[in-house]
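Q: Submitted below is the structure of interest, expressed as structure tokens.
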Amino acid sequence: MKRSLGPQTLIYPMPVCLVGSYDKDGKANVMNAAWGGICCSEPPCLTVSVRHARWTFDAIMARKAFTVSIPDSPLAEAADYLGLASGRNADKFAVAGLTPVRSELVDAPYIAECPLVVELSLFKTLELGSHVQFIGQILDVKADESRLTDGKPDTDKIDPLIYDGGERQYRRMGPAIAKAFSVGKGLLKK
């Protein structure tokens with residue numbers, strides 16, 4: 001039997017999205033946004049949700065662009081810090097020991113140390129209550145060559161950091177269990 005847990009922000013897994021932007025003075029900033037993910041195929045879009053009060057909110061609204069860097073598990077301490085501190089009060093890149101890289105496609109920085117980076121142009125915003133959902137059109141995805149297998153991102157090599165909202169902790173992905181769009185084909189005949 002299932003027990004009701006009430007309305008909560010629980011879904012598994014949740015990617016750790018490190019959102020890069022430039023503030024009004026052109027200073028590189030990055031924040032950890034727990035609420036994010038792919039939201040559309042055509043055009044390819046990714047979404048992150050940010051509170052109005054966050055330093056990143058004004059930066060994205062002004063520049064109409066942002067990046068999402070996906071950290072690997074060794075970056076857990078830095079990623080957590082990026083969600084605790086504010087760009088108003090600190091140079092978060094410097095404190096976390098991370099390197100900002102100016103995107104050639106959008107007016108936002110990404111994190112050199114992250115194995116996967118998504119560059120986004122602001123497509124739409126949606127007021128949701130405590131957060132505003134920023135929907136970004138994906139202009140490019142960049143991956144470290146060493147994290148690719150046959151030219152494609154390799155989850156085991158990327159080792160993406162994921163957030164467990166129920167336990168409030170960071171985790172790693174587990175091993176592959178089946179091929180998508182294949183394992184269920186046997187049930188199509190029933």
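Naming works like this for the structure tokens: A, B, ... for the chains as they're shown, residue 1 at the start of each chain, ligands 1 onward in shown order.
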Just want the 10 Å neighbourhood of stretch 135-143 of chain A, counted on only C-alpha atoms, with same-chain residues fewer than 2 positions away dropped. Output as a PyMOL selection string.

A: chain A and resi 36-49+64-70+105-106+114-126+132-133+145-148+151-154+158

Q: Quick check for you: according to DSSP on this backbone, which residues of stretch 111-160 of chain A are classed as alpha helix (DSSP H)? Reply as a PyMOL selection string.

A: chain A and resi 155-158

Q: Could the residues in this selection be saved with all heavy atoms as a PDB file, in the first residue's frame?

A:
```
ATOM      1  N   THR A 155      27.037   8.656 -20.016  1.00  0.00           N
ATOM      2  CA  THR A 155      26.582   8.949 -18.654  1.00  0.00           C
ATOM      3  C   THR A 155      27.591   8.505 -17.611  1.00  0.00           C
ATOM      4  O   THR A 155      27.846   9.224 -16.641  1.00  0.00           O
ATOM      5  CB  THR A 155      25.217   8.285 -18.379  1.00  0.00           C
ATOM      6  OG1 THR A 155      24.283   8.746 -19.350  1.00  0.00           O
ATOM      7  CG2 THR A 155      24.708   8.614 -16.993  1.00  0.00           C
ATOM      8  N   ASP A 156      28.188   7.330 -17.790  1.00  0.00           N
ATOM      9  CA  ASP A 156      29.164   6.850 -16.805  1.00  0.00           C
ATOM     10  C   ASP A 156      30.391   7.755 -16.752  1.00  0.00           C
ATOM     11  O   ASP A 156      30.943   8.016 -15.685  1.00  0.00           O
ATOM     12  CB  ASP A 156      29.582   5.413 -17.106  1.00  0.00           C
ATOM     13  CG  ASP A 156      28.442   4.422 -16.895  1.00  0.00           C
ATOM     14  OD1 ASP A 156      27.565   4.685 -16.038  1.00  0.00           O
ATOM     15  OD2 ASP A 156      28.418   3.396 -17.595  1.00  0.00           O
ATOM     16  N   LYS A 157      30.817   8.251 -17.908  1.00  0.00           N
ATOM     17  CA  LYS A 157      31.983   9.132 -17.950  1.00  0.00           C
ATOM     18  C   LYS A 157      31.644  10.539 -17.450  1.00  0.00           C
ATOM     19  O   LYS A 157      32.471  11.208 -16.861  1.00  0.00           O
ATOM     20  CB  LYS A 157      32.544   9.212 -19.367  1.00  0.00           C
ATOM     21  CG  LYS A 157      33.203   7.925 -19.835  1.00  0.00           C
ATOM     22  CD  LYS A 157      33.702   8.079 -21.263  1.00  0.00           C
ATOM     23  CE  LYS A 157      34.359   6.810 -21.758  1.00  0.00           C
ATOM     24  NZ  LYS A 157      34.790   6.956 -23.172  1.00  0.00           N
ATOM     25  N   ILE A 158      30.434  10.993 -17.709  1.00  0.00           N
ATOM     26  CA  ILE A 158      30.014  12.314 -17.234  1.00  0.00           C
ATOM     27  C   ILE A 158      29.818  12.287 -15.725  1.00  0.00           C
ATOM     28  O   ILE A 158      30.154  13.232 -15.040  1.00  0.00           O
ATOM     29  CB  ILE A 158      28.735  12.777 -17.960  1.00  0.00           C
ATOM     30  CG1 ILE A 158      29.083  13.080 -19.422  1.00  0.00           C
ATOM     31  CG2 ILE A 158      28.127  14.007 -17.284  1.00  0.00           C
ATOM     32  CD1 ILE A 158      27.888  13.369 -20.289  1.00  0.00           C
TER      33      ILE A 158
END
```

Q: Of the candidates A:Ile60, A:Leu84, A:Leu98, A:Val50, which shows the shortest atom-to-atom distance to A:Ser21, using only C-alpha atoms?

A: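 Among A:Ile60, A:Leu84, A:Leu98, A:Val50, it is A:Ile60 that comes nearest to A:Ser21.
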
Q: Identify, on the basis of only C-alpha atoms, every residue whose closest approach to A:Ala90 does not exceed 12 Å; exclude the query and any residue fewer than 2 positions from it along the same chain; express the result as a PyMOL selection string.

A: chain A and resi 27-31+55+81-82+84-88+92-96

Q: Using only C-alpha atoms, can you tell me which of A:Ser182, A:Gly166, A:Leu128, A:Lys189 comes closest to A:His52?

A: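 Nearest candidate to A:His52 out of A:Ser182, A:Gly166, A:Leu128, A:Lys189: A:Leu128.
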
Q: Quick one: distance from atom CA of A:Thr9 to atom CA of A:Ile111 in Å, one decimal?

A: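 About the pair atom CA of A:Thr9 and atom CA of A:Ile111: they are 26.8 Å apart.
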
Q: Neighbours of A:Tyr110 within 6 Å (only C-alpha atoms; same-chain residues fewer than 5 positions away dropped), as JSON, numbers by chain?

A: {"A": [20, 67, 100, 101]}

Q: Based on DSSP run over this structure's backbone, return all residues of stretch 12-171 of chain A in strand (DSSP E or B), as a VMD selection string.

A: chain A and resid 14 to 15 17 to 22 28 to 33 36 to 40 45 to 50 65 to 70 72 100 to 102 109 to 111 116 to 127 132 to 143 148 to 149 152 to 153 160 162 to 164 169 to 171

Q: What separation in Å, quoted to one decimal, exists between atom CA of A:Met173 and atom CA of A:Pro13?

A: 8.4 Å

Q: At what distance in Å, to one decimal, does atom CA of A:Leu161 lie from atom CA of A:Tyr12?

A: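 These two atoms are separated by 12.6 Å.
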
Q: Which one is closest to A:Ala34: A:Leu187, A:Ala178, A:Ile162, A:Leu75? Count only C-alpha atoms.

A: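 The shortest atom-to-atom distance to A:Ala34 comes from A:Ile162.
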
Q: Which is closest to A:Asp159 among A:Gly6, A:Gly184, A:Arg171, A:Met14, if we use only C-alpha atoms?

A: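 The shortest atom-to-atom distance to A:Asp159 comes from A:Arg171.
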